[in-house]
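File shown here: run_37.pdb, holding PDB, C-alpha atoms.
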```pdb
ATOM      1  CA  MET A  11     310.137 269.573  61.437  1.00  0.00           C
ATOM      2  CA  ASP A  12     309.609 267.678  58.202  1.00  0.00           C
ATOM      3  CA  PHE A  13     307.019 264.899  58.107  1.00  0.00           C
ATOM      4  CA  THR A  14     307.020 264.250  54.360  1.00  0.00           C
ATOM      5  CA  ASP A  15     308.458 260.754  54.795  1.00  0.00           C
ATOM      6  CA  GLN A  16     306.002 259.765  57.536  1.00  0.00           C
ATOM      7  CA  ARG A  17     303.087 257.746  56.181  1.00  0.00           C
ATOM      8  CA  LEU A  18     301.064 254.605  56.817  1.00  0.00           C
ATOM      9  CA  SER A  19     299.264 252.233  54.509  1.00  0.00           C
ATOM     10  CA  TYR A  20     295.638 251.905  55.602  1.00  0.00           C
ATOM     11  CA  GLU A  21     294.507 248.314  55.160  1.00  0.00           C
ATOM     12  CA  LYS A  22     292.059 247.517  57.977  1.00  0.00           C
ATOM     13  CA  GLY A  23     288.738 247.692  56.183  1.00  0.00           C
ATOM     14  CA  GLU A  24     286.609 248.667  53.223  1.00  0.00           C
ATOM     15  CA  LEU A  25     283.296 250.423  52.613  1.00  0.00           C
ATOM     16  CA  ASP A  26     281.053 249.002  49.898  1.00  0.00           C
ATOM     17  CA  GLN A  27     278.262 251.288  48.695  1.00  0.00           C
ATOM     18  CA  ASN A  28     276.133 248.216  47.950  1.00  0.00           C
ATOM     19  CA  ASP A  29     276.196 247.082  51.579  1.00  0.00           C
ATOM     20  CA  ILE A  30     275.352 250.305  53.443  1.00  0.00           C
ATOM     21  CA  PRO A  31     271.984 250.953  55.146  1.00  0.00           C
ATOM     22  CA  ALA A  32     269.446 253.407  53.766  1.00  0.00           C
ATOM     23  CA  SER A  33     269.867 255.666  56.816  1.00  0.00           C
ATOM     24  CA  PRO A  34     273.301 257.095  57.691  1.00  0.00           C
ATOM     25  CA  LEU A  35     272.298 257.154  61.353  1.00  0.00           C
ATOM     26  CA  GLU A  36     272.253 253.361  61.345  1.00  0.00           C
ATOM     27  CA  LEU A  37     275.750 253.246  59.873  1.00  0.00           C
ATOM     28  CA  LEU A  38     276.944 255.853  62.389  1.00  0.00           C
ATOM     29  CA  LYS A  39     275.590 253.743  65.253  1.00  0.00           C
ATOM     30  CA  THR A  40     277.269 250.641  63.817  1.00  0.00           C
ATOM     31  CA  TRP A  41     280.627 252.355  63.442  1.00  0.00           C
ATOM     32  CA  MET A  42     280.357 253.868  66.919  1.00  0.00           C
ATOM     33  CA  SER A  43     279.532 250.457  68.414  1.00  0.00           C
ATOM     34  CA  GLN A  44     282.507 248.916  66.634  1.00  0.00           C
ATOM     35  CA  ALA A  45     284.786 251.674  67.930  1.00  0.00           C
ATOM     36  CA  LEU A  46     283.577 250.975  71.468  1.00  0.00           C
ATOM     37  CA  GLU A  47     284.071 247.228  70.995  1.00  0.00           C
ATOM     38  CA  GLN A  48     287.631 247.848  69.770  1.00  0.00           C
ATOM     39  CA  LYS A  49     288.212 250.020  72.849  1.00  0.00           C
ATOM     40  CA  VAL A  50     289.030 253.134  70.883  1.00  0.00           C
ATOM     41  CA  GLN A  51     289.715 255.797  73.509  1.00  0.00           C
ATOM     42  CA  GLU A  52     286.732 258.135  73.737  1.00  0.00           C
ATOM     43  CA  PRO A  53     285.338 257.360  70.262  1.00  0.00           C
ATOM     44  CA  TYR A  54     282.527 259.820  71.001  1.00  0.00           C
ATOM     45  CA  ALA A  55     285.033 262.720  71.085  1.00  0.00           C
ATOM     46  CA  MET A  56     284.512 264.915  68.034  1.00  0.00           C
ATOM     47  CA  SER A  57     286.037 268.052  66.564  1.00  0.00           C
ATOM     48  CA  LEU A  58     283.345 270.746  66.346  1.00  0.00           C
ATOM     49  CA  ALA A  59     283.847 273.530  63.795  1.00  0.00           C
ATOM     50  CA  THR A  60     281.831 276.750  63.976  1.00  0.00           C
ATOM     51  CA  CYS A  61     282.090 280.116  62.261  1.00  0.00           C
ATOM     52  CA  GLY A  62     280.527 283.402  63.372  1.00  0.00           C
ATOM     53  CA  THR A  63     279.955 286.598  61.436  1.00  0.00           C
ATOM     54  CA  ASP A  64     283.670 287.403  61.614  1.00  0.00           C
ATOM     55  CA  MET A  65     284.107 284.596  59.048  1.00  0.00           C
ATOM     56  CA  LYS A  66     286.917 283.058  61.107  1.00  0.00           C
ATOM     57  CA  PRO A  67     286.374 279.335  61.707  1.00  0.00           C
ATOM     58  CA  SER A  68     287.013 277.862  65.146  1.00  0.00           C
ATOM     59  CA  VAL A  69     287.413 274.208  66.066  1.00  0.00           C
ATOM     60  CA  ARG A  70     287.573 272.348  69.377  1.00  0.00           C
ATOM     61  CA  ILE A  71     286.869 268.911  70.829  1.00  0.00           C
ATOM     62  CA  VAL A  72     283.468 268.229  72.404  1.00  0.00           C
ATOM     63  CA  LEU A  73     281.846 264.956  73.450  1.00  0.00           C
ATOM     64  CA  LEU A  74     278.925 263.362  71.645  1.00  0.00           C
ATOM     65  CA  ARG A  75     276.255 262.479  74.192  1.00  0.00           C
ATOM     66  CA  GLU A  76     273.378 261.139  72.092  1.00  0.00           C
ATOM     67  CA  ILE A  77     272.502 259.990  68.583  1.00  0.00           C
ATOM     68  CA  THR A  78     268.860 260.848  67.917  1.00  0.00           C
ATOM     69  CA  ASP A  79     266.544 260.009  65.032  1.00  0.00           C
ATOM     70  CA  THR A  80     267.612 263.188  63.250  1.00  0.00           C
ATOM     71  CA  GLY A  81     271.055 264.142  64.500  1.00  0.00           C
ATOM     72  CA  ILE A  82     273.582 264.270  67.317  1.00  0.00           C
ATOM     73  CA  ILE A  83     273.609 266.049  70.690  1.00  0.00           C
ATOM     74  CA  PHE A  84     276.412 267.549  72.756  1.00  0.00           C
ATOM     75  CA  TYR A  85     276.411 269.829  75.819  1.00  0.00           C
ATOM     76  CA  THR A  86     278.326 273.019  76.519  1.00  0.00           C
ATOM     77  CA  ASN A  87     278.250 276.550  77.904  1.00  0.00           C
ATOM     78  CA  TYR A  88     275.858 278.670  75.826  1.00  0.00           C
ATOM     79  CA  GLU A  89     277.942 281.787  76.569  1.00  0.00           C
ATOM     80  CA  SER A  90     281.164 280.244  75.279  1.00  0.00           C
ATOM     81  CA  ALA A  91     282.934 281.283  72.092  1.00  0.00           C
ATOM     82  CA  LYS A  92     281.260 278.392  70.274  1.00  0.00           C
ATOM     83  CA  GLY A  93     277.893 279.499  71.666  1.00  0.00           C
ATOM     84  CA  GLU A  94     278.431 283.000  70.289  1.00  0.00           C
ATOM     85  CA  ASP A  95     279.372 281.551  66.893  1.00  0.00           C
ATOM     86  CA  ILE A  96     276.221 279.433  66.871  1.00  0.00           C
ATOM     87  CA  LYS A  97     274.054 282.469  67.692  1.00  0.00           C
ATOM     88  CA  GLU A  98     275.493 284.266  64.684  1.00  0.00           C
ATOM     89  CA  ASN A  99     275.631 281.290  62.310  1.00  0.00           C
ATOM     90  CA  PRO A 100     273.499 278.247  63.221  1.00  0.00           C
ATOM     91  CA  ASN A 101     275.441 275.823  61.056  1.00  0.00           C
ATOM     92  CA  ALA A 102     278.212 273.521  62.179  1.00  0.00           C
ATOM     93  CA  GLU A 103     280.341 270.554  61.213  1.00  0.00           C
ATOM     94  CA  VAL A 104     281.886 267.817  63.322  1.00  0.00           C
ATOM     95  CA  LEU A 105     284.587 265.260  62.621  1.00  0.00           C
ATOM     96  CA  PHE A 106     285.210 261.908  64.268  1.00  0.00           C
ATOM     97  CA  PHE A 107     288.571 260.227  63.632  1.00  0.00           C
ATOM     98  CA  TRP A 108     289.228 256.692  64.840  1.00  0.00           C
ATOM     99  CA  HIS A 109     292.851 255.950  64.028  1.00  0.00           C
ATOM    100  CA  GLU A 110     292.633 252.395  65.340  1.00  0.00           C
ATOM    101  CA  LEU A 111     289.949 251.603  62.735  1.00  0.00           C
ATOM    102  CA  GLU A 112     291.344 253.902  60.031  1.00  0.00           C
ATOM    103  CA  ARG A 113     287.975 255.627  59.805  1.00  0.00           C
ATOM    104  CA  GLN A 114     286.563 259.115  59.962  1.00  0.00           C
ATOM    105  CA  VAL A 115     283.059 260.570  59.824  1.00  0.00           C
ATOM    106  CA  ARG A 116     282.143 264.144  58.871  1.00  0.00           C
ATOM    107  CA  ILE A 117     278.714 265.510  59.815  1.00  0.00           C
ATOM    108  CA  SER A 118     277.273 268.882  58.843  1.00  0.00           C
ATOM    109  CA  GLY A 119     273.927 270.510  59.452  1.00  0.00           C
ATOM    110  CA  ALA A 120     271.861 273.113  61.242  1.00  0.00           C
ATOM    111  CA  ILE A 121     272.411 273.454  64.986  1.00  0.00           C
ATOM    112  CA  ALA A 122     269.963 274.546  67.685  1.00  0.00           C
ATOM    113  CA  LYS A 123     269.461 274.337  71.447  1.00  0.00           C
ATOM    114  CA  ILE A 124     267.562 271.348  72.787  1.00  0.00           C
ATOM    115  CA  ALA A 125     264.723 271.642  75.309  1.00  0.00           C
ATOM    116  CA  ALA A 126     265.749 273.066  78.688  1.00  0.00           C
ATOM    117  CA  ASP A 127     264.231 270.156  80.618  1.00  0.00           C
ATOM    118  CA  LYS A 128     266.296 267.651  78.605  1.00  0.00           C
ATOM    119  CA  SER A 129     269.447 269.655  79.340  1.00  0.00           C
ATOM    120  CA  ALA A 130     268.581 269.782  83.039  1.00  0.00           C
ATOM    121  CA  ALA A 131     267.976 266.026  83.155  1.00  0.00           C
ATOM    122  CA  TYR A 132     271.404 265.372  81.668  1.00  0.00           C
ATOM    123  CA  PHE A 133     273.114 267.921  83.934  1.00  0.00           C
ATOM    124  CA  GLN A 134     271.798 266.152  87.023  1.00  0.00           C
ATOM    125  CA  LYS A 135     273.281 262.853  85.763  1.00  0.00           C
ATOM    126  CA  ARG A 136     276.783 264.326  85.632  1.00  0.00           C
ATOM    127  CA  PRO A 137     279.286 263.735  88.459  1.00  0.00           C
ATOM    128  CA  HIS A 138     278.841 266.219  91.308  1.00  0.00           C
ATOM    129  CA  ASP A 139     282.217 267.885  90.790  1.00  0.00           C
ATOM    130  CA  SER A 140     281.551 268.265  87.055  1.00  0.00           C
ATOM    131  CA  GLN A 141     278.310 270.052  87.905  1.00  0.00           C
ATOM    132  CA  VAL A 142     280.229 272.391  90.207  1.00  0.00           C
ATOM    133  CA  GLY A 143     282.881 272.918  87.530  1.00  0.00           C
ATOM    134  CA  ALA A 144     280.233 274.097  85.072  1.00  0.00           C
ATOM    135  CA  TRP A 145     279.460 277.003  87.401  1.00  0.00           C
ATOM    136  CA  VAL A 146     283.151 277.955  87.559  1.00  0.00           C
ATOM    137  CA  SER A 147     283.191 278.428  83.767  1.00  0.00           C
ATOM    138  CA  GLU A 148     281.009 281.532  83.746  1.00  0.00           C
ATOM    139  CA  PRO A 149     281.587 282.772  81.150  1.00  0.00           C
ATOM    140  CA  GLN A 150     283.494 279.965  79.462  1.00  0.00           C
ATOM    141  CA  SER A 151     286.529 281.285  77.566  1.00  0.00           C
ATOM    142  CA  GLY A 152     286.438 284.431  79.703  1.00  0.00           C
ATOM    143  CA  GLU A 153     289.784 285.698  80.968  1.00  0.00           C
ATOM    144  CA  VAL A 154     290.891 284.755  84.480  1.00  0.00           C
ATOM    145  CA  VAL A 155     293.840 286.214  86.406  1.00  0.00           C
ATOM    146  CA  ASN A 156     295.306 282.841  87.399  1.00  0.00           C
ATOM    147  CA  ARG A 157     294.360 279.280  88.255  1.00  0.00           C
ATOM    148  CA  ALA A 158     294.170 280.089  91.958  1.00  0.00           C
ATOM    149  CA  VAL A 159     291.046 282.177  91.280  1.00  0.00           C
ATOM    150  CA  MET A 160     289.408 279.176  89.604  1.00  0.00           C
ATOM    151  CA  GLU A 161     290.373 276.818  92.410  1.00  0.00           C
ATOM    152  CA  GLU A 162     289.037 279.212  95.051  1.00  0.00           C
ATOM    153  CA  ARG A 163     285.748 279.542  93.188  1.00  0.00           C
ATOM    154  CA  PHE A 164     285.519 275.745  92.844  1.00  0.00           C
ATOM    155  CA  GLU A 165     286.101 275.150  96.565  1.00  0.00           C
ATOM    156  CA  GLN A 166     283.588 277.831  97.508  1.00  0.00           C
ATOM    157  CA  LEU A 167     280.955 276.231  95.282  1.00  0.00           C
ATOM    158  CA  LYS A 168     281.676 272.808  96.790  1.00  0.00           C
ATOM    159  CA  THR A 169     281.022 274.368 100.200  1.00  0.00           C
ATOM    160  CA  ASP A 170     277.782 275.911  98.934  1.00  0.00           C
ATOM    161  CA  TYR A 171     276.741 272.644  97.291  1.00  0.00           C
ATOM    162  CA  PRO A 172     278.082 269.646  99.227  1.00  0.00           C
ATOM    163  CA  GLU A 173     277.553 266.127  97.905  1.00  0.00           C
ATOM    164  CA  ASN A 174     274.106 265.830  99.516  1.00  0.00           C
ATOM    165  CA  VAL A 175     272.827 269.081  97.969  1.00  0.00           C
ATOM    166  CA  GLN A 176     271.583 269.263  94.391  1.00  0.00           C
ATOM    167  CA  VAL A 177     273.562 271.619  92.176  1.00  0.00           C
ATOM    168  CA  PRO A 178     271.141 273.746  90.126  1.00  0.00           C
ATOM    169  CA  THR A 179     271.401 273.568  86.360  1.00  0.00           C
ATOM    170  CA  PRO A 180     272.936 276.809  85.049  1.00  0.00           C
ATOM    171  CA  LYS A 181     270.743 278.747  82.649  1.00  0.00           C
ATOM    172  CA  PHE A 182     273.856 279.400  80.578  1.00  0.00           C
ATOM    173  CA  TRP A 183     274.538 275.683  80.085  1.00  0.00           C
ATOM    174  CA  GLY A 184     272.785 273.053  78.003  1.00  0.00           C
ATOM    175  CA  GLY A 185     272.614 270.923  74.904  1.00  0.00           C
ATOM    176  CA  TYR A 186     272.731 271.521  71.178  1.00  0.00           C
ATOM    177  CA  GLU A 187     271.516 269.199  68.467  1.00  0.00           C
ATOM    178  CA  ILE A 188     273.035 269.176  65.007  1.00  0.00           C
ATOM    179  CA  THR A 189     270.319 268.059  62.612  1.00  0.00           C
ATOM    180  CA  ILE A 190     272.225 266.075  60.035  1.00  0.00           C
ATOM    181  CA  GLU A 191     271.982 267.339  56.464  1.00  0.00           C
ATOM    182  CA  LYS A 192     275.091 265.636  55.114  1.00  0.00           C
ATOM    183  CA  ILE A 193     277.327 262.915  56.501  1.00  0.00           C
ATOM    184  CA  GLU A 194     280.437 261.385  54.952  1.00  0.00           C
ATOM    185  CA  PHE A 195     281.928 258.043  55.942  1.00  0.00           C
ATOM    186  CA  TRP A 196     285.632 257.559  55.165  1.00  0.00           C
ATOM    187  CA  GLN A 197     287.426 254.239  55.334  1.00  0.00           C
ATOM    188  CA  GLY A 198     291.173 254.265  54.801  1.00  0.00           C
ATOM    189  CA  ARG A 199     292.477 251.967  52.051  1.00  0.00           C
ATOM    190  CA  ALA A 200     295.900 251.125  50.684  1.00  0.00           C
ATOM    191  CA  ASN A 201     297.613 253.383  48.126  1.00  0.00           C
ATOM    192  CA  ARG A 202     295.395 256.346  49.061  1.00  0.00           C
ATOM    193  CA  MET A 203     292.489 254.603  47.316  1.00  0.00           C
ATOM    194  CA  HIS A 204     290.242 255.419  50.260  1.00  0.00           C
ATOM    195  CA  ASP A 205     286.508 254.663  50.344  1.00  0.00           C
ATOM    196  CA  ARG A 206     284.342 257.785  50.745  1.00  0.00           C
ATOM    197  CA  ILE A 207     280.555 257.502  50.830  1.00  0.00           C
ATOM    198  CA  VAL A 208     278.452 260.618  51.447  1.00  0.00           C
ATOM    199  CA  TYR A 209     274.771 260.700  52.406  1.00  0.00           C
ATOM    200  CA  THR A 210     272.756 263.847  51.617  1.00  0.00           C
ATOM    201  CA  LYS A 211     269.237 264.536  52.851  1.00  0.00           C
ATOM    202  CA  GLY A 212     266.803 265.679  50.159  1.00  0.00           C
ATOM    203  CA  ASP A 213     263.818 268.012  50.451  1.00  0.00           C
ATOM    204  CA  ASP A 214     261.599 264.940  50.880  1.00  0.00           C
ATOM    205  CA  ALA A 215     263.714 263.876  53.907  1.00  0.00           C
ATOM    206  CA  ASP A 216     264.978 260.824  52.017  1.00  0.00           C
ATOM    207  CA  TRP A 217     268.688 260.104  51.844  1.00  0.00           C
ATOM    208  CA  SER A 218     270.736 259.831  48.658  1.00  0.00           C
ATOM    209  CA  THR A 219     274.254 258.406  48.534  1.00  0.00           C
ATOM    210  CA  LYS A 220     277.227 258.787  46.250  1.00  0.00           C
ATOM    211  CA  ARG A 221     280.849 257.718  46.211  1.00  0.00           C
ATOM    212  CA  LEU A 222     283.540 260.396  46.210  1.00  0.00           C
ATOM    213  CA  LEU A 223     287.032 260.210  44.819  1.00  0.00           C
ATOM    214  CA  PRO A 224     289.655 260.002  47.568  1.00  0.00           C
TER
END
```

Would you write out, as structure tokens, the structure that this file holds?
Amino acid sequence: MDFTDQRLSYEKGELDQNDIPASPLELLKTWMSQALEQKVQEPYAMSLATCGTDMKPSVRIVLLREITDTGIIFYTNYESAKGEDIKENPNAEVLFFWHELERQVRISGAIAKIAADKSAAYFQKRPHDSQVGAWVSEPQSGEVVNRAVMEERFEQLKTDYPENVQVPTPKFWGGYEITIEKIEFWQGRANRMHDRIVYTKGDDADWSTKRLLP
């Protein structure tokens, strides 16, 4: 398949370095709010890239669940392939792409587990069946003979934990926070003259900005 003749002209917005806030977290919140207002489907879905000691990068979609004062939080199985990568190399990068707004955001930084009580509080807010499903994925990415085995395990757990019984938070499940060290905002423009503004955190915790060539 040849896609060389498939292209769009991006003309929905612009990004002026003179108009951006001092903190990239404020701009991230603004862009996220605008994506929600424009009804972008799951704008909080992000591609998470990790790399373990094998030096082979891996990428998958996870869901942003919180923007903090220092970074972003998502939840997953600690024993998953991504969890193993993070144990070996506690650095990660995520990418948001909102086609409807012709925007993308790249975030990189150090990644670490959040407090267990915060993870437990979030787990108990999840839908009951999602809580049960987390227990089925032990270990996540592990091999399974067929789907029937998964379904049987799921139904057994639903019997063990009916709707009126609290599902315990798995010790192998919880949140990670990526503490933002660098974040790039990309706004598509016509003729490939895209706007790219990158924020970098200095040793004094202040942010510096610069414009990048497209």

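Atom pair atom CA of A:Leu167 / atom CA of A:Asn87: separated by 17.6 Å.
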
Shell around stretch 195-211 of chain A at 12 Å using all atoms listed in the file, local window under 3 positions removed, as a PyMOL selection string:
chain A and resi 17-38+40-42+80-81+105-119+189-192+214-224

Write out, as a compact mmCIF listing (two decimals), keeping the file's coordinate frame, the residues just selected, with C-alpha atoms.
```txt
# COMPACT_ATOMS: atom_id res chain seq x y z
CA ARG A 17 303.09 257.75 56.18
CA LEU A 18 301.06 254.60 56.82
CA SER A 19 299.26 252.23 54.51
CA TYR A 20 295.64 251.90 55.60
CA GLU A 21 294.51 248.31 55.16
CA LYS A 22 292.06 247.52 57.98
CA GLY A 23 288.74 247.69 56.18
CA GLU A 24 286.61 248.67 53.22
CA LEU A 25 283.30 250.42 52.61
CA ASP A 26 281.05 249.00 49.90
CA GLN A 27 278.26 251.29 48.70
CA ASN A 28 276.13 248.22 47.95
CA ASP A 29 276.20 247.08 51.58
CA ILE A 30 275.35 250.30 53.44
CA PRO A 31 271.98 250.95 55.15
CA ALA A 32 269.45 253.41 53.77
CA SER A 33 269.87 255.67 56.82
CA PRO A 34 273.30 257.10 57.69
CA LEU A 35 272.30 257.15 61.35
CA GLU A 36 272.25 253.36 61.34
CA LEU A 37 275.75 253.25 59.87
CA LEU A 38 276.94 255.85 62.39
CA THR A 40 277.27 250.64 63.82
CA TRP A 41 280.63 252.36 63.44
CA MET A 42 280.36 253.87 66.92
CA THR A 80 267.61 263.19 63.25
CA GLY A 81 271.06 264.14 64.50
CA LEU A 105 284.59 265.26 62.62
CA PHE A 106 285.21 261.91 64.27
CA PHE A 107 288.57 260.23 63.63
CA TRP A 108 289.23 256.69 64.84
CA HIS A 109 292.85 255.95 64.03
CA GLU A 110 292.63 252.40 65.34
CA LEU A 111 289.95 251.60 62.74
CA GLU A 112 291.34 253.90 60.03
CA ARG A 113 287.98 255.63 59.80
CA GLN A 114 286.56 259.12 59.96
CA VAL A 115 283.06 260.57 59.82
CA ARG A 116 282.14 264.14 58.87
CA ILE A 117 278.71 265.51 59.82
CA SER A 118 277.27 268.88 58.84
CA GLY A 119 273.93 270.51 59.45
CA THR A 189 270.32 268.06 62.61
CA ILE A 190 272.23 266.08 60.04
CA GLU A 191 271.98 267.34 56.46
CA LYS A 192 275.09 265.64 55.11
CA ASP A 214 261.60 264.94 50.88
CA ALA A 215 263.71 263.88 53.91
CA ASP A 216 264.98 260.82 52.02
CA TRP A 217 268.69 260.10 51.84
CA SER A 218 270.74 259.83 48.66
CA THR A 219 274.25 258.41 48.53
CA LYS A 220 277.23 258.79 46.25
CA ARG A 221 280.85 257.72 46.21
CA LEU A 222 283.54 260.40 46.21
CA LEU A 223 287.03 260.21 44.82
CA PRO A 224 289.65 260.00 47.57
```

Output check: residues returned by the PyMOL selection byres ((chain A and resi 160) around 12), as a short mmCIF file (atom, residue, chain, number, x, y, z; two decimals) with C-alpha atoms, in the coordinates of the input:
```
data_model
loop_
_atom_site.label_atom_id
_atom_site.label_comp_id
_atom_site.auth_asym_id
_atom_site.auth_seq_id
_atom_site.Cartn_x
_atom_site.Cartn_y
_atom_site.Cartn_z
CA VAL A 142 280.23 272.39 90.21
CA GLY A 143 282.88 272.92 87.53
CA ALA A 144 280.23 274.10 85.07
CA TRP A 145 279.46 277.00 87.40
CA VAL A 146 283.15 277.96 87.56
CA SER A 147 283.19 278.43 83.77
CA GLU A 148 281.01 281.53 83.75
CA GLN A 150 283.49 279.96 79.46
CA GLY A 152 286.44 284.43 79.70
CA GLU A 153 289.78 285.70 80.97
CA VAL A 154 290.89 284.76 84.48
CA VAL A 155 293.84 286.21 86.41
CA ASN A 156 295.31 282.84 87.40
CA ARG A 157 294.36 279.28 88.26
CA ALA A 158 294.17 280.09 91.96
CA VAL A 159 291.05 282.18 91.28
CA GLU A 161 290.37 276.82 92.41
CA GLU A 162 289.04 279.21 95.05
CA ARG A 163 285.75 279.54 93.19
CA PHE A 164 285.52 275.74 92.84
CA GLU A 165 286.10 275.15 96.56
CA GLN A 166 283.59 277.83 97.51
CA LEU A 167 280.96 276.23 95.28
#
```

Show me as a PyMOL selection string the residues that reach within 8 Å of (272.4, 284.4, 81.5), counting only C-alpha atoms and using the file's own coordinates.
chain A and resi 89+181-182

Based on the selection just made, write C-alpha atoms of those residues as an mmCIF file, keeping the file's coordinate frame.
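Wrote out.cif, looks like this:
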```cif
data_model
loop_
_atom_site.group_PDB
_atom_site.id
_atom_site.type_symbol
_atom_site.label_atom_id
_atom_site.label_comp_id
_atom_site.auth_asym_id
_atom_site.auth_seq_id
_atom_site.Cartn_x
_atom_site.Cartn_y
_atom_site.Cartn_z
ATOM 1 C CA GLU A 89 277.942 281.787 76.569
ATOM 2 C CA LYS A 181 270.743 278.747 82.649
ATOM 3 C CA PHE A 182 273.856 279.400 80.578
#
```

As JSON, please: the centre and edge lengths in Å, to one decimal, of an axis-aligned box enclosing every listed atom of stretch 210-218 of chain A with 3 Å added on each side.
```
{"center_x": 267.2, "center_y": 263.9, "center_z": 51.3, "size_x": 17.2, "size_y": 14.2, "size_z": 11.2}
```

Target residues per the PyMOL selection byres ((chain A and resi 58) around 10), formatted as a ChimeraX atom specification
/A:55-57,59-60,68-73,84,92,102-106,117-118

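Here atom CA of A:Pro180 and atom CA of A:Gln141 stand 9.1 Å from one another.
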
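Residues matched by the PyMOL selection byres ((chain A and resi 187) around 7) in this structure: Gly81, Ile82, Ile83, Phe84, Ile121, Ala122, Lys123, Ile124, Gly185, Tyr186, Ile188 and Thr189 of chain A.
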
What is the atom CA of A:Gly93-atom CA of A:Asp170 distance in Å, reported with one decimal?
27.5 Å

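If you measure from each of A:Leu46, A:Tyr171, A:Ile77, A:Gln176 to A:Lys135 using all atoms listed in the file, the closest one turns out to be A:Gln176.
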
Complete the atom set of stretch 38-53 of chain A to N, CA and C atoms and return it as a PDB file, keeping the file's coordinate frame.
```
ATOM      1  N   LEU A  38     276.223 255.146  61.328  1.00  0.00           N
ATOM      2  CA  LEU A  38     276.944 255.853  62.389  1.00  0.00           C
ATOM      3  C   LEU A  38     276.895 255.063  63.690  1.00  0.00           C
ATOM      4  N   LYS A  39     275.721 254.545  64.034  1.00  0.00           N
ATOM      5  CA  LYS A  39     275.590 253.743  65.253  1.00  0.00           C
ATOM      6  C   LYS A  39     276.457 252.481  65.167  1.00  0.00           C
ATOM      7  N   THR A  40     276.469 251.857  63.995  1.00  0.00           N
ATOM      8  CA  THR A  40     277.269 250.641  63.817  1.00  0.00           C
ATOM      9  C   THR A  40     278.749 250.947  63.983  1.00  0.00           C
ATOM     10  N   TRP A  41     279.209 251.996  63.338  1.00  0.00           N
ATOM     11  CA  TRP A  41     280.627 252.355  63.442  1.00  0.00           C
ATOM     12  C   TRP A  41     280.986 252.764  64.870  1.00  0.00           C
ATOM     13  N   MET A  42     280.093 253.470  65.538  1.00  0.00           N
ATOM     14  CA  MET A  42     280.357 253.868  66.919  1.00  0.00           C
ATOM     15  C   MET A  42     280.425 252.636  67.821  1.00  0.00           C
ATOM     16  N   SER A  43     279.518 251.684  67.618  1.00  0.00           N
ATOM     17  CA  SER A  43     279.532 250.457  68.414  1.00  0.00           C
ATOM     18  C   SER A  43     280.822 249.676  68.186  1.00  0.00           C
ATOM     19  N   GLN A  44     281.263 249.623  66.940  1.00  0.00           N
ATOM     20  CA  GLN A  44     282.507 248.916  66.634  1.00  0.00           C
ATOM     21  C   GLN A  44     283.709 249.616  67.262  1.00  0.00           C
ATOM     22  N   ALA A  45     283.697 250.931  67.286  1.00  0.00           N
ATOM     23  CA  ALA A  45     284.786 251.674  67.930  1.00  0.00           C
ATOM     24  C   ALA A  45     284.817 251.394  69.426  1.00  0.00           C
ATOM     25  N   LEU A  46     283.641 251.307  70.042  1.00  0.00           N
ATOM     26  CA  LEU A  46     283.577 250.975  71.468  1.00  0.00           C
ATOM     27  C   LEU A  46     284.065 249.550  71.718  1.00  0.00           C
ATOM     28  N   GLU A  47     283.653 248.626  70.848  1.00  0.00           N
ATOM     29  CA  GLU A  47     284.071 247.228  70.995  1.00  0.00           C
ATOM     30  C   GLU A  47     285.585 247.083  70.853  1.00  0.00           C
ATOM     31  N   GLN A  48     286.177 247.891  69.984  1.00  0.00           N
ATOM     32  CA  GLN A  48     287.631 247.848  69.770  1.00  0.00           C
ATOM     33  C   GLN A  48     288.384 248.680  70.797  1.00  0.00           C
ATOM     34  N   LYS A  49     287.635 249.234  71.758  1.00  0.00           N
ATOM     35  CA  LYS A  49     288.212 250.020  72.849  1.00  0.00           C
ATOM     36  C   LYS A  49     289.009 251.223  72.356  1.00  0.00           C
ATOM     37  N   VAL A  50     288.482 251.853  71.313  1.00  0.00           N
ATOM     38  CA  VAL A  50     289.030 253.134  70.883  1.00  0.00           C
ATOM     39  C   VAL A  50     288.815 254.128  72.023  1.00  0.00           C
ATOM     40  N   GLN A  51     289.836 254.874  72.384  1.00  0.00           N
ATOM     41  CA  GLN A  51     289.715 255.797  73.509  1.00  0.00           C
ATOM     42  C   GLN A  51     288.784 256.949  73.153  1.00  0.00           C
ATOM     43  N   GLU A  52     287.732 257.087  73.934  1.00  0.00           N
ATOM     44  CA  GLU A  52     286.732 258.135  73.737  1.00  0.00           C
ATOM     45  C   GLU A  52     286.328 258.288  72.261  1.00  0.00           C
ATOM     46  N   PRO A  53     285.733 257.266  71.670  1.00  0.00           N
ATOM     47  CA  PRO A  53     285.338 257.360  70.262  1.00  0.00           C
ATOM     48  C   PRO A  53     284.247 258.396  70.023  1.00  0.00           C
TER      49      PRO A  53
END
```
